[in-house]
file target.txt (compact mmCIF, C-alpha atoms)
# COMPACT_ATOMS: atom_id res chain seq x y z
CA MET A 648 0.00 0.00 0.00
CA ILE A 649 1.20 3.48 -0.85
CA ASP A 650 0.61 6.40 1.53
CA VAL A 651 0.15 9.77 -0.16
CA ILE A 652 1.13 12.86 1.80
CA GLU A 653 1.97 16.53 1.18
CA VAL A 654 5.59 17.70 1.42
CA ASP A 655 4.62 19.69 4.51
CA GLY A 656 3.46 16.50 6.20
CA LEU A 657 6.61 14.52 5.46
CA LEU A 658 8.34 15.31 8.74
CA ASP A 659 5.32 14.18 10.77
CA LYS A 660 5.23 10.95 8.79
CA LEU A 661 8.97 10.29 9.24
CA GLU A 662 8.64 10.81 12.97
CA THR A 663 6.23 7.91 13.22
CA LEU A 664 8.81 5.45 11.84
CA GLU A 665 10.27 2.77 14.06
CA PRO A 666 14.09 2.49 14.21
CA GLY A 667 15.26 -0.04 11.64
CA SER A 668 12.49 0.91 9.21
CA ALA A 669 13.12 0.99 5.48
CA ILE A 670 10.93 3.29 3.42
CA ALA A 671 10.75 4.56 -0.14
CA LEU A 672 9.88 8.17 -0.83
CA LYS A 673 8.37 8.80 -4.25
CA PHE A 674 8.17 12.40 -5.39
CA ASP A 675 8.21 14.71 -8.42
CA ILE A 676 11.57 16.10 -9.44
CA GLU A 677 10.43 19.61 -8.41
CA SER A 678 10.02 18.43 -4.80
CA TYR A 679 13.56 16.99 -4.71
CA PHE A 680 15.16 19.75 -2.66
CA ASP A 681 12.22 20.05 -0.26
CA VAL A 682 12.40 16.31 0.39
CA ILE A 683 16.14 16.13 1.02
CA THR A 684 16.04 19.23 3.21
CA THR A 685 13.26 17.71 5.31
CA ILE A 686 15.30 14.53 5.76
CA THR A 687 18.75 16.02 6.33
CA ASP A 688 17.65 18.96 8.44
CA ASP A 689 14.30 18.66 10.19
CA PHE A 690 14.21 14.88 10.69
CA VAL A 691 17.86 14.64 11.70
CA ASP A 692 17.57 17.57 14.05
CA GLU A 693 14.41 16.21 15.62
CA LYS A 694 16.00 12.86 16.38
CA SER A 695 19.60 14.12 17.00
CA MET A 696 20.90 11.53 14.60
CA LYS A 697 23.56 11.22 11.93
CA VAL A 698 22.98 10.82 8.24
CA ILE A 699 24.86 8.80 5.67
CA TYR A 700 23.80 10.18 2.33
CA GLU A 701 24.61 7.98 -0.67
CA THR A 702 24.38 9.80 -3.94
CA SER A 703 24.55 8.30 -7.37
CA THR A 704 22.47 11.12 -8.84
CA ILE A 705 24.46 14.33 -8.51
CA PRO A 706 27.93 14.86 -6.99
CA ALA A 707 28.05 15.22 -3.21
CA ASP A 708 29.73 18.62 -3.61
CA SER A 709 26.63 19.95 -5.37
CA ILE A 710 24.31 18.68 -2.63
CA LEU A 711 26.66 20.07 0.01
CA GLU A 712 26.60 23.52 -1.56
CA LEU A 713 22.85 23.46 -1.74
CA LEU A 714 22.40 22.36 1.85
CA LYS A 715 24.89 24.95 3.03
CA ALA A 716 22.94 27.63 1.16
CA LEU A 717 19.84 26.44 2.99
CA GLU A 718 21.81 26.72 6.25
CA VAL A 719 21.48 23.03 7.00
CA SER A 720 24.08 21.89 9.54
CA MET A 721 26.66 19.70 7.79
CA GLU A 722 28.11 18.29 11.00
CA PRO A 723 25.88 15.19 11.20
CA ILE A 724 26.02 14.39 7.45
CA ASN A 725 28.52 12.14 5.70
CA PHE A 726 28.32 11.43 2.01
CA VAL A 727 29.05 8.36 -0.05
CA ASP A 728 29.53 9.73 -3.56
CA ALA A 729 29.24 7.09 -6.29
CA VAL A 730 28.91 9.47 -9.18
CA SER A 731 31.84 11.91 -9.17
CA TYR A 732 34.55 9.39 -10.12
CA MET A 733 32.47 8.16 -13.01
CA THR A 734 32.04 11.67 -14.37
CA MET A 735 35.76 12.34 -13.78
CA GLY A 736 34.70 15.13 -11.45
CA VAL A 737 36.32 14.13 -8.19
CA ALA A 738 37.53 17.26 -6.52
CA GLY A 739 38.18 15.74 -3.13
CA LYS A 740 37.92 19.19 -1.60
CA SER A 741 35.00 18.59 0.71
CA THR A 742 35.35 16.90 4.03
CA GLY A 743 32.79 14.30 4.98
CA VAL A 744 32.70 12.79 1.48
CA THR A 745 33.78 9.20 0.76
CA PHE A 746 34.00 8.17 -2.86
CA VAL A 747 33.03 4.98 -4.66
CA GLU A 748 34.42 4.62 -8.16
CA SER A 749 31.16 3.78 -9.86
CA PRO A 750 27.48 3.20 -9.05
CA THR A 751 27.99 -0.30 -10.45
CA MET A 752 30.22 -1.12 -7.46
CA LEU A 753 27.27 -1.86 -5.20
CA GLU A 754 29.33 -3.93 -2.76
CA ASN A 755 31.66 -0.97 -2.32
CA ILE A 756 28.69 1.29 -1.57
CA MET A 757 27.70 -1.18 1.20
CA LEU A 758 31.28 -1.23 2.46
CA LYS A 759 31.55 2.58 2.59
CA ILE A 760 28.23 2.82 4.47
CA GLU A 761 29.47 0.23 6.97
CA TYR A 762 32.77 2.09 7.25
CA LEU A 763 30.97 5.35 8.10
CA LEU A 764 28.73 3.59 10.63
CA LYS A 765 31.83 2.25 12.38
CA LYS A 766 33.91 5.42 12.01
CA HIS A 767 31.21 7.77 13.30
CA PRO A 768 29.22 5.73 15.77
CA ALA A 769 25.94 7.35 16.74
CA GLU A 770 22.94 6.26 18.75
CA GLN A 771 20.75 6.67 15.71
CA ASN A 772 21.54 6.83 12.00
CA THR A 773 19.65 7.40 8.81
CA VAL A 774 20.95 6.10 5.51
CA VAL A 775 19.60 7.87 2.44
CA LEU A 776 19.93 6.28 -1.00
CA ASP A 777 19.63 8.94 -3.70
CA SER A 778 18.26 7.42 -5.81
CA ILE A 779 16.99 4.04 -6.87
CA ASN A 780 16.40 5.47 -10.34
CA SER A 781 20.02 6.46 -10.87
CA LEU A 782 21.23 3.12 -9.46
CA ALA A 783 18.86 1.39 -11.89
CA ILE A 784 20.46 3.18 -14.84
CA HIS A 785 23.77 1.49 -14.07
CA ASN A 786 22.67 -1.86 -12.65
CA ASP A 787 20.59 -4.82 -13.63
CA ASN A 788 17.34 -5.03 -11.62
CA LYS A 789 18.25 -8.44 -10.21
CA ILE A 790 21.54 -7.29 -8.70
CA LEU A 791 19.89 -4.06 -7.53
CA ALA A 792 17.20 -6.01 -5.66
CA GLU A 793 19.87 -8.24 -4.12
CA PHE A 794 21.90 -5.18 -3.08
CA LEU A 795 18.92 -3.50 -1.40
CA HIS A 796 17.87 -6.69 0.34
CA ILE A 797 21.34 -7.25 1.85
CA LEU A 798 21.91 -3.58 2.67
CA ILE A 799 18.56 -3.07 4.38
CA SER A 800 18.92 -6.31 6.36
CA SER A 801 22.33 -5.16 7.53
CA LEU A 802 21.10 -1.65 8.40
CA ARG A 803 18.21 -3.08 10.41
CA SER A 804 20.78 -4.78 12.64
CA TYR A 805 22.18 -1.31 13.38
CA ASP A 806 18.61 0.03 13.99
CA CYS A 807 19.22 2.45 11.12
CA TYR A 808 16.46 4.16 9.21
CA THR A 809 16.80 3.53 5.48
CA ILE A 810 15.20 6.06 3.14
CA ILE A 811 15.26 5.25 -0.57
CA LEU A 812 14.49 8.15 -2.88
CA SER A 813 12.57 7.54 -6.08
CA VAL A 814 11.80 10.23 -8.62
CA SER A 815 8.31 9.71 -10.04
CA GLU A 816 9.25 10.79 -13.56
CA GLN A 817 11.93 8.07 -13.73
CA GLU A 818 9.98 5.17 -12.27
CA SER A 819 9.24 1.85 -13.90
CA GLU A 820 7.18 -1.17 -12.94
CA GLU A 821 10.33 -3.14 -12.13
CA ILE A 822 11.56 -0.44 -9.75
CA ASP A 823 8.15 -0.30 -8.06
CA ASN A 824 8.29 -4.06 -7.58
CA ILE A 825 11.75 -3.89 -6.03
CA LEU A 826 10.68 -1.14 -3.63
CA ALA A 827 7.56 -3.05 -2.66
CA MET A 828 9.68 -6.10 -1.96
CA VAL A 829 12.39 -4.50 0.21
CA CYS A 830 10.63 -1.59 1.94
CA ASP A 831 8.27 -1.56 4.90
CA ASP A 832 6.42 1.41 3.53
CA ILE A 833 6.16 3.41 0.31
CA ILE A 834 5.27 7.05 0.70
CA GLU A 835 4.26 9.22 -2.20
CA VAL A 836 5.05 12.86 -1.55
CA SER A 837 2.87 15.23 -3.50
CA SER A 838 3.99 18.80 -4.15
CA MET B 1088 32.00 -54.32 21.68
CA ALA B 1089 33.82 -52.08 24.13
CA GLU B 1090 33.37 -48.38 23.56
CA LYS B 1091 36.51 -46.55 22.58
CA GLU B 1092 37.12 -43.08 23.89
CA LEU B 1093 37.47 -40.80 20.92
CA THR B 1094 39.75 -37.77 21.08
CA ILE B 1095 37.86 -35.81 18.44
CA THR B 1096 37.08 -32.31 19.61
CA PRO B 1097 33.62 -31.30 18.44
CA ASP B 1098 33.51 -28.19 16.33
CA ARG B 1099 31.75 -26.11 18.95
CA LYS B 1100 34.23 -26.99 21.68
CA ARG B 1101 37.45 -26.22 19.79
CA ALA B 1102 39.03 -23.06 21.21
CA ARG B 1103 39.00 -20.16 18.78
CA CYS B 1104 41.51 -17.52 17.94
CA ILE B 1105 39.21 -14.55 17.31
CA THR B 1106 40.71 -12.64 14.41
CA GLY B 1107 38.97 -9.41 15.45
CA ILE B 1108 37.92 -8.89 11.83
CA ASP B 1109 34.11 -9.01 12.29
CA GLY B 1110 33.16 -10.39 8.91
CA LEU B 1111 35.90 -13.01 8.94
CA ASP B 1112 34.99 -14.26 12.42
CA THR B 1113 31.39 -14.62 11.24
CA ILE B 1114 32.51 -16.53 8.13
CA LEU B 1115 34.63 -18.79 10.36
CA ASN B 1116 31.85 -19.40 12.84
CA GLY B 1117 33.71 -17.68 15.66
CA GLY B 1118 37.33 -17.45 14.58
CA ILE B 1119 40.25 -19.63 13.51
CA PRO B 1120 40.52 -22.86 15.51
CA ARG B 1121 43.43 -22.21 17.83
CA GLY B 1122 46.74 -23.67 16.68
CA ASN B 1123 45.74 -23.84 13.04
CA ALA B 1124 48.26 -22.84 10.38
CA VAL B 1125 46.42 -20.94 7.68
CA LEU B 1126 47.60 -20.08 4.20
CA ILE B 1127 46.62 -16.53 3.18
CA THR B 1128 46.98 -16.73 -0.53
CA GLY B 1129 46.51 -14.30 -3.40
CA SER B 1130 48.18 -12.11 -5.96
CA CYS B 1131 49.69 -8.71 -5.27
CA GLY B 1132 47.45 -5.89 -4.05
CA THR B 1133 44.74 -8.15 -2.69
CA GLY B 1134 45.24 -7.16 0.96
CA LYS B 1135 47.09 -10.21 2.33
CA THR B 1136 49.61 -8.26 4.41
CA THR B 1137 47.02 -5.77 5.70
CA LEU B 1138 44.64 -8.52 6.80
CA SER B 1139 47.47 -10.46 8.44
CA LEU B 1140 48.71 -7.43 10.32
CA GLU B 1141 45.22 -6.62 11.56
CA PHE B 1142 44.94 -10.19 12.86
CA LEU B 1143 48.07 -9.55 14.94
CA VAL B 1144 47.03 -6.09 16.13
CA HIS B 1145 43.72 -7.44 17.46
CA GLY B 1146 45.61 -10.26 19.17
CA ALA B 1147 48.00 -7.79 20.79
CA LEU B 1148 45.09 -5.60 21.91
CA ASP B 1149 43.64 -8.74 23.45
CA ASP B 1150 46.85 -9.22 25.43
CA GLU B 1151 48.33 -11.99 23.27
CA ASN B 1152 51.96 -11.84 22.19
CA CYS B 1153 52.14 -11.57 18.43
CA LEU B 1154 55.01 -11.89 15.98
CA PHE B 1155 55.28 -10.67 12.38
CA ILE B 1156 58.14 -12.17 10.39
CA SER B 1157 58.77 -10.13 7.28
CA VAL B 1158 60.68 -11.76 4.45
CA THR B 1159 60.24 -9.53 1.44
CA GLU B 1160 60.50 -6.02 2.87
CA SER B 1161 61.71 -4.49 6.09
CA SER B 1162 59.10 -4.30 8.85
CA ILE B 1163 59.52 -0.52 9.08
CA LYS B 1164 58.79 -0.09 5.37
CA MET B 1165 55.86 -2.48 5.61
CA LEU B 1166 54.36 -0.62 8.59
CA ASN B 1167 54.64 2.68 6.72
CA ASN B 1168 52.72 1.26 3.78
CA VAL B 1169 49.74 -0.35 5.49
CA VAL B 1170 46.48 1.46 6.20
CA PRO B 1171 46.83 3.44 9.46
CA TYR B 1172 44.42 1.72 11.84
CA GLU B 1173 42.47 3.90 14.23
CA PHE B 1174 42.68 1.15 16.84
CA PHE B 1175 46.44 0.79 16.52
CA ASP B 1176 48.42 1.79 19.56
CA ASP B 1177 52.21 2.31 19.41
CA SER B 1178 52.49 1.02 22.96
CA LEU B 1179 51.71 -2.48 21.63
CA ILE B 1180 55.16 -2.44 20.05
CA ASP B 1181 56.85 -0.68 22.98
CA GLU B 1182 55.42 -3.22 25.44
CA GLY B 1183 56.50 -6.17 23.29
CA LYS B 1184 52.95 -7.37 22.57
CA LEU B 1185 53.48 -6.84 18.86
CA MET B 1186 56.90 -7.92 17.66
CA PHE B 1187 58.52 -7.65 14.26
CA VAL B 1188 61.43 -9.68 12.96
CA ASP B 1189 62.99 -9.35 9.53
CA MET B 1190 63.84 -12.76 8.07
CA PRO B 1191 67.09 -11.46 6.49
CA ASP B 1192 68.28 -10.75 10.04
CA ILE B 1193 67.68 -14.41 10.94
CA TYR B 1194 69.53 -15.50 7.79
CA ASP B 1195 72.37 -13.17 8.75
CA GLU B 1196 72.58 -14.62 12.27
CA LEU B 1197 72.69 -18.10 10.76
CA ASP B 1198 75.29 -16.95 8.22
CA ILE B 1199 73.14 -18.00 5.24
CA LEU B 1200 72.11 -14.54 4.05
CA ASN B 1201 73.68 -14.79 0.63
CA LYS B 1202 73.01 -18.45 -0.08
CA SER B 1203 70.97 -19.22 -3.17
CA GLU B 1204 69.81 -22.59 -1.80
CA PHE B 1205 69.34 -23.79 1.78
CA SER B 1206 70.29 -27.30 2.84
CA TYR B 1207 68.07 -29.46 5.06
CA ASP B 1208 70.23 -28.54 8.06
CA GLU B 1209 69.92 -24.84 7.33
CA MET B 1210 66.19 -25.25 6.88
CA ASP B 1211 66.01 -26.89 10.33
CA GLU B 1212 68.04 -24.03 11.80
CA ILE B 1213 65.56 -21.48 10.43
CA ILE B 1214 62.66 -23.37 12.03
CA ASP B 1215 64.59 -23.72 15.29
CA ARG B 1216 65.22 -19.99 15.34
CA ILE B 1217 61.54 -19.20 14.74
CA GLU B 1218 60.63 -21.68 17.50
CA GLU B 1219 63.05 -19.94 19.86
CA TYR B 1220 61.24 -16.62 19.27
CA VAL B 1221 57.86 -18.27 19.80
CA VAL B 1222 58.83 -20.06 23.01
CA LYS B 1223 60.89 -17.26 24.50
CA ASN B 1224 58.20 -14.64 23.87
CA GLU B 1225 55.18 -16.91 24.40
CA VAL B 1226 53.89 -15.98 20.95
CA LYS B 1227 50.25 -16.93 20.38
CA ARG B 1228 49.81 -15.43 16.90
CA LEU B 1229 52.37 -15.43 14.12
CA VAL B 1230 52.46 -14.17 10.55
CA LEU B 1231 55.12 -15.21 8.04
CA ASP B 1232 55.04 -12.82 5.07
CA SER B 1233 55.71 -14.56 2.83
CA VAL B 1234 56.29 -18.30 2.99
CA THR B 1235 56.68 -18.24 -0.81
CA ASN B 1236 59.81 -16.15 -0.49
CA VAL B 1237 61.37 -18.53 2.02
CA CYS B 1238 60.60 -21.39 -0.36
CA PHE B 1239 62.52 -19.71 -3.18
CA GLN B 1240 65.70 -20.87 -1.47
CA LEU B 1241 64.50 -24.40 -0.78
CA LYS B 1242 64.14 -25.32 -4.47
CA SER B 1243 62.89 -28.90 -4.33
CA GLU B 1244 59.27 -29.82 -3.71
CA GLU B 1245 60.31 -32.31 -0.99
CA LYS B 1246 62.25 -29.68 0.91
CA ILE B 1247 59.41 -27.18 0.65
CA ARG B 1248 56.96 -29.80 1.90
CA ASP B 1249 59.26 -30.66 4.83
CA PHE B 1250 59.81 -27.03 5.72
CA ILE B 1251 56.14 -26.11 5.76
CA LEU B 1252 55.11 -29.28 7.54
CA GLN B 1253 57.76 -28.87 10.23
CA LEU B 1254 57.04 -25.19 10.68
CA MET B 1255 53.30 -25.76 11.04
CA LYS B 1256 53.79 -28.65 13.48
CA THR B 1257 56.21 -26.59 15.55
CA LEU B 1258 53.90 -23.58 15.76
CA SER B 1259 50.84 -25.69 16.53
CA SER B 1260 52.69 -27.60 19.26
CA HIS B 1261 53.15 -24.28 21.07
CA GLY B 1262 49.48 -23.31 20.66
CA CYS B 1263 50.44 -20.64 18.18
CA THR B 1264 47.89 -19.75 15.48
CA SER B 1265 49.69 -18.75 12.32
CA LEU B 1266 49.00 -17.08 9.01
CA LEU B 1267 51.45 -18.00 6.26
CA VAL B 1268 51.23 -15.56 3.39
CA SER B 1269 51.47 -17.18 -0.01
CA GLU B 1270 51.97 -15.24 -3.23
CA ILE B 1271 50.57 -16.44 -6.50
CA SER B 1272 50.28 -14.79 -9.88
CA PRO B 1273 46.78 -13.64 -10.88
CA GLU B 1274 46.54 -16.27 -13.62
CA GLU B 1275 47.38 -19.22 -11.36
CA PRO B 1276 44.44 -21.64 -11.04
CA ARG B 1277 45.83 -22.88 -7.71
CA TYR B 1278 46.12 -21.74 -4.12
CA SER B 1279 49.92 -21.73 -3.78
CA LEU B 1280 52.98 -21.33 -5.93
CA TYR B 1281 54.42 -24.79 -5.32
CA GLY B 1282 51.18 -26.66 -4.90
CA VAL B 1283 52.32 -28.38 -1.70
CA GLU B 1284 51.48 -25.59 0.75
CA GLU B 1285 47.74 -25.85 0.17
CA ALA B 1286 47.62 -29.56 0.88
CA ILE B 1287 49.44 -29.25 4.19
CA ALA B 1288 47.82 -26.10 5.60
CA ASP B 1289 44.95 -26.38 8.09
CA GLY B 1290 43.18 -23.58 6.31
CA ILE B 1291 43.22 -21.61 3.10
CA ILE B 1292 41.96 -18.06 2.81
CA MET B 1293 42.02 -17.02 -0.82
CA MET B 1294 42.22 -13.33 -1.61
CA GLY B 1295 41.78 -12.06 -5.13
CA ASN B 1296 40.78 -9.38 -7.56
CA LEU B 1297 37.50 -9.89 -9.37
CA GLU B 1298 36.87 -7.96 -12.53
CA ARG B 1299 33.20 -7.28 -13.23
CA GLN B 1300 32.28 -5.05 -16.13
CA GLY B 1301 35.51 -3.09 -15.81
CA ASP B 1302 35.29 -2.71 -12.01
CA LEU B 1303 37.98 -4.35 -9.91
CA LEU B 1304 36.73 -5.75 -6.60
CA ARG B 1305 38.91 -7.17 -3.82
CA THR B 1306 37.56 -10.55 -2.75
CA LEU B 1307 38.06 -13.04 0.07
CA GLN B 1308 36.98 -16.68 0.23
CA VAL B 1309 37.65 -19.26 2.92
CA VAL B 1310 38.33 -22.36 0.86
CA LYS B 1311 39.27 -24.65 3.72
CA MET B 1312 39.47 -24.48 7.51
CA ARG B 1313 39.99 -27.57 9.57
CA GLY B 1314 38.15 -27.74 12.88
CA THR B 1315 35.18 -25.54 12.08
CA ASP B 1316 32.18 -25.15 9.84
CA HIS B 1317 32.56 -22.10 7.67
CA SER B 1318 31.10 -20.23 4.76
CA ARG B 1319 32.74 -20.99 1.41
CA ALA B 1320 31.11 -18.04 -0.34
CA LYS B 1321 33.05 -15.21 -1.89
CA TYR B 1322 33.03 -11.83 -0.12
CA VAL B 1323 34.10 -8.35 -1.20
CA LEU B 1324 36.44 -6.53 1.13
CA ASP B 1325 37.64 -3.03 1.79
CA LEU B 1326 40.81 -2.06 3.62
CA THR B 1327 39.87 0.84 5.87
CA SER B 1328 41.19 2.70 8.88
CA VAL B 1329 38.60 0.88 11.04
CA GLY B 1330 39.90 -2.45 9.75
CA VAL B 1331 39.08 -4.93 7.02
CA LEU B 1332 35.37 -4.83 6.17
CA LEU B 1333 33.54 -7.60 4.31
CA VAL B 1334 30.22 -7.86 2.50
CA PRO B 1335 28.82 -10.71 0.40
CA LEU B 1336 29.61 -10.67 -3.30
CA LEU B 1337 26.42 -9.92 -5.19
CA LYS B 1338 25.48 -12.60 -7.65
CA GLY B 1339 22.70 -10.98 -9.63
CA GLY B 1340 24.84 -9.83 -12.53
CA GLY B 1341 27.06 -11.71 -14.94
CA LEU B 1342 30.43 -12.38 -13.38
CA GLU B 1343 33.72 -12.53 -15.16
CA GLU B 1344 36.87 -13.58 -13.34

call {"tool": "encode", "arguments": {"input": "target.txt", "output": "structure tokens"}}
result
Amino acid sequence: MIDVIEVDGLLDKLETLEPGSAIALKFDIESYFDVITTITDDFVDEKSMKVIYETSTIPADSILELLKALEVSMEPINFVDAVSYMTMGVAGKSTGVTFVESPTMLENIMLKIEYLLKKHPAEQNTVVLDSINSLAIHNDNKILAEFLHILISSLRSYDCYTIILSVSEQESEEIDNILAMVCDDIIEVSS
Amino acid sequence: MAEKELTITPDRKRARCITGIDGLDTILNGGIPRGNAVLITGSCGTGKTTLSLEFLVHGALDDENCLFISVTESSIKMLNNVVPYEFFDDSLIDEGKLMFVDMPDIYDELDILNKSEFSYDEMDEIIDRIEEYVVKNEVKRLVLDSVTNVCFQLKSEEKIRDFILQLMKTLSSHGCTSLLVSEISPEEPRYSLYGVEEAIADGIIMMGNLERQGDLLRTLQVVKMRGTDHSRAKYVLDLTSVGVLLVPLLKGGGLEE
């Protein structure tokens, strides 16, 4: 079942989640920044937790600049950037960014998330995957489903929240099936 | 028929040497059975030395005396090249918990440094010298990096077999769990250069590079481990400052090795 909520109601919905939950957030591309700000700022602040933000969509540096402009505190956020190497755009200037050579190296994405969980232990963590659509561009659906199944199972053992972003304009039936299989809840965020 | 008393130690009761590498201890169902001599085999750049050193550091942190015998490069150079562990403490070396010996120094003491081939007697002397270190320092974990390089000077298959067999027996008899690093070329369809090491060792941990669609992944697979049930699946590893991390190799895509 898919819950449909307004962007303004996203924080309230996230607050009802149990630790260890895995959810998918489906939204229009124009709500992208509202959604990631709600997760990385309001939700994190509310729960005093840390965030591991995996991006295979746009380079971590770009997200960092945006969040800084929105005056979001960067202290609790660490990035796993799986896109910059591939686009030959690794600057390596920003702190708090760990790189994976390619979004096809799904095991290495898992390893970097585990590394950050061990390096920056926190009582509560949220892992954001941005996004399933960009991971699906580079990976076969079967290996992607296997990756999400193993990753989410592992994150549950850490009591981590897992939030998988899915951009409505880039969805497919196969992606919907994968999300339905691995997530506890699918939330459609309307703008 | 009278019942005979068996001396087989059930898997669950065999004492374990906890490697301290979380994923590996899980794969091994709790750690390496104590006293086992394990071949860590793989081509260059696969993480053999780093994994072996971490095994010793965790042992030293757990108050066990640990010895690293370096054959190919000096210990100082080796230490400078490995990933700086966040859990590493210099006092482990100062307090003698973590010891390093360069094999060329042993050769020099035995006056065989420049010999191209070792005799049986000289081979025995090398093992005696290693045993002296183990006994004198009550060493519980030992790494020989690499056994392949020692074997270069033994030449014949019989001598290599004798050397490895004697060394393993000696270490085991003192309750010392050992990792013997074995170097193979990436194309070798075997676990050791001479083919004899793998048959004698109590365990084989195979480390490799797996190429998948142009990506190069570091892998680890426990092929054999006497005295315990274990996973035989292939895992992907990362060498990090918090130690060696392992995750299962994903099988969904087409694999090319």

call {"tool": "closest_atom_pairs", "arguments": {"input": "target.txt", "of": "chain A", "to": "chain B", "cutoff": "12 Å", "atoms": "only C-alpha atoms", "output": "tab-separated table"}}
result
residue	atom	partner	partner_atom	distance
A:Met733	CA	B:Asp1302	CA	11.3
A:Thr745	CA	B:Thr1327	CA	11.5
A:Val747	CA	B:Asp1302	CA	10.9
A:Glu748	CA	B:Asp1302	CA	8.3
A:Ser749	CA	B:Asp1302	CA	8.0
A:Pro750	CA	B:Asp1302	CA	10.2
A:Thr751	CA	B:Asp1302	CA	7.8
A:Met752	CA	B:Asp1302	CA	7.0
A:Leu753	CA	B:Leu1337	CA	8.1
A:Glu754	CA	B:Val1334	CA	6.6
A:Asn755	CA	B:Asp1325	CA	7.5
A:Ile756	CA	B:Val1334	CA	10.1
A:Met757	CA	B:Val1334	CA	7.3
A:Leu758	CA	B:Leu1332	CA	6.6
A:Lys759	CA	B:Asp1325	CA	8.3
A:Ile760	CA	B:Leu1332	CA	10.6
A:Glu761	CA	B:Leu1332	CA	7.8
A:Tyr762	CA	B:Val1329	CA	7.1
A:Leu763	CA	B:Val1329	CA	9.3
A:Leu764	CA	B:Val1329	CA	10.2
A:Lys765	CA	B:Val1329	CA	7.0
A:Lys766	CA	B:Val1329	CA	6.6
A:His767	CA	B:Val1329	CA	10.4
A:Pro768	CA	B:Val1329	CA	11.6
A:His785	CA	B:Gln1300	CA	10.9
A:Asn786	CA	B:Gly1340	CA	8.3
A:Asp787	CA	B:Gly1340	CA	6.7
A:Asn788	CA	B:Gly1339	CA	8.3
A:Lys789	CA	B:Gly1339	CA	5.2
A:Ile790	CA	B:Gly1339	CA	4.0
A:Leu791	CA	B:Gly1339	CA	7.8
A:Ala792	CA	B:Gly1339	CA	8.4
A:Glu793	CA	B:Gly1339	CA	6.8
A:Phe794	CA	B:Leu1337	CA	6.9
A:Leu795	CA	B:Leu1337	CA	10.6
A:His796	CA	B:Leu1337	CA	10.7
A:Ile797	CA	B:Pro1335	CA	8.4
A:Leu798	CA	B:Val1334	CA	9.3
A:Ser801	CA	B:Val1334	CA	9.7

call {"tool": "residues_near_point", "arguments": {"input": "target.txt", "point": "(27.8, 13.8, -5.8)", "cutoff": "12 Å", "atoms": "all atoms listed in the file", "output": "VMD selection string"}}
result
chain A and resid 700 to 713 725 to 739 741 743 to 750 776 to 778 781

call {"tool": "atom_distance", "arguments": {"input": "target.txt", "atom1": "CA of Gln1308 in chain B", "atom2": "CA of Thr1264 in chain B"}}
result
19.0 Å

call {"tool": "residues_around", "arguments": {"input": "target.txt", "residues": "Cys1238 in chain B", "least_positions_apart": "5", "cutoff": "10 Å", "atoms": "all atoms listed in the file", "output": "ChimeraX atom specification"}}
result
/B:1204-1205,1210,1233,1243-1244,1246-1248,1250-1251,1280-1281

call {"tool": "write_last_selection", "arguments": {"input": "target.txt", "atoms": "C-alpha atoms", "output": "mmCIF file, in the coordinates of the input"}}
result
data_model
loop_
_atom_site.group_PDB
_atom_site.id
_atom_site.type_symbol
_atom_site.label_atom_id
_atom_site.label_comp_id
_atom_site.auth_asym_id
_atom_site.auth_seq_id
_atom_site.Cartn_x
_atom_site.Cartn_y
_atom_site.Cartn_z
ATOM 1 C CA GLU B 1204 69.810 -22.590 -1.800
ATOM 2 C CA PHE B 1205 69.340 -23.790 1.780
ATOM 3 C CA MET B 1210 66.190 -25.250 6.880
ATOM 4 C CA SER B 1233 55.710 -14.560 2.830
ATOM 5 C CA SER B 1243 62.890 -28.900 -4.330
ATOM 6 C CA GLU B 1244 59.270 -29.820 -3.710
ATOM 7 C CA LYS B 1246 62.250 -29.680 0.910
ATOM 8 C CA ILE B 1247 59.410 -27.180 0.650
ATOM 9 C CA ARG B 1248 56.960 -29.800 1.900
ATOM 10 C CA PHE B 1250 59.810 -27.030 5.720
ATOM 11 C CA ILE B 1251 56.140 -26.110 5.760
ATOM 12 C CA LEU B 1280 52.980 -21.330 -5.930
ATOM 13 C CA TYR B 1281 54.420 -24.790 -5.320
#

call {"tool": "residues_around", "arguments": {"input": "target.txt", "residues": "Ile649 in chain A", "least_positions_apart": "5", "cutoff": "10 Å", "atoms": "all atoms listed in the file", "output": "list in words"}}
result
Ala671, Leu672, Lys673, Ala827, Asp832, Ile833, Ile834 and Glu835 of chain A

call {"tool": "write_last_selection", "arguments": {"input": "target.txt", "atoms": "C-alpha atoms", "output": "JSON list (two decimals), in the coordinates of the input"}}
result
[["chain", "number", "residue", "atom", "x", "y", "z"],
["A", 671, "ALA", "CA", 10.75, 4.56, -0.14],
["A", 672, "LEU", "CA", 9.88, 8.17, -0.83],
["A", 673, "LYS", "CA", 8.37, 8.80, -4.25],
["A", 827, "ALA", "CA", 7.56, -3.05, -2.66],
["A", 832, "ASP", "CA", 6.42, 1.41, 3.53],
["A", 833, "ILE", "CA", 6.16, 3.41, 0.31],
["A", 834, "ILE", "CA", 5.27, 7.05, 0.70],
["A", 835, "GLU", "CA", 4.26, 9.22, -2.20]]

call {"tool": "residues_around", "arguments": {"input": "target.txt", "residues": "Ile724 in chain A", "least_positions_apart": "6", "cutoff": "10 Å", "atoms": "all atoms listed in the file", "output": "compact mmCIF listing (two decimals) with C-alpha atoms, in the frame of the given file"}}
result
# COMPACT_ATOMS: atom_id res chain seq x y z
CA THR A 687 18.75 16.02 6.33
CA ASP A 688 17.65 18.96 8.44
CA VAL A 691 17.86 14.64 11.70
CA MET A 696 20.90 11.53 14.60
CA LYS A 697 23.56 11.22 11.93
CA VAL A 698 22.98 10.82 8.24
CA ILE A 699 24.86 8.80 5.67
CA TYR A 700 23.80 10.18 2.33
CA LEU A 711 26.66 20.07 0.01
CA GLY A 743 32.79 14.30 4.98
CA VAL A 744 32.70 12.79 1.48
CA ASN A 772 21.54 6.83 12.00
CA THR A 773 19.65 7.40 8.81
CA VAL A 774 20.95 6.10 5.51
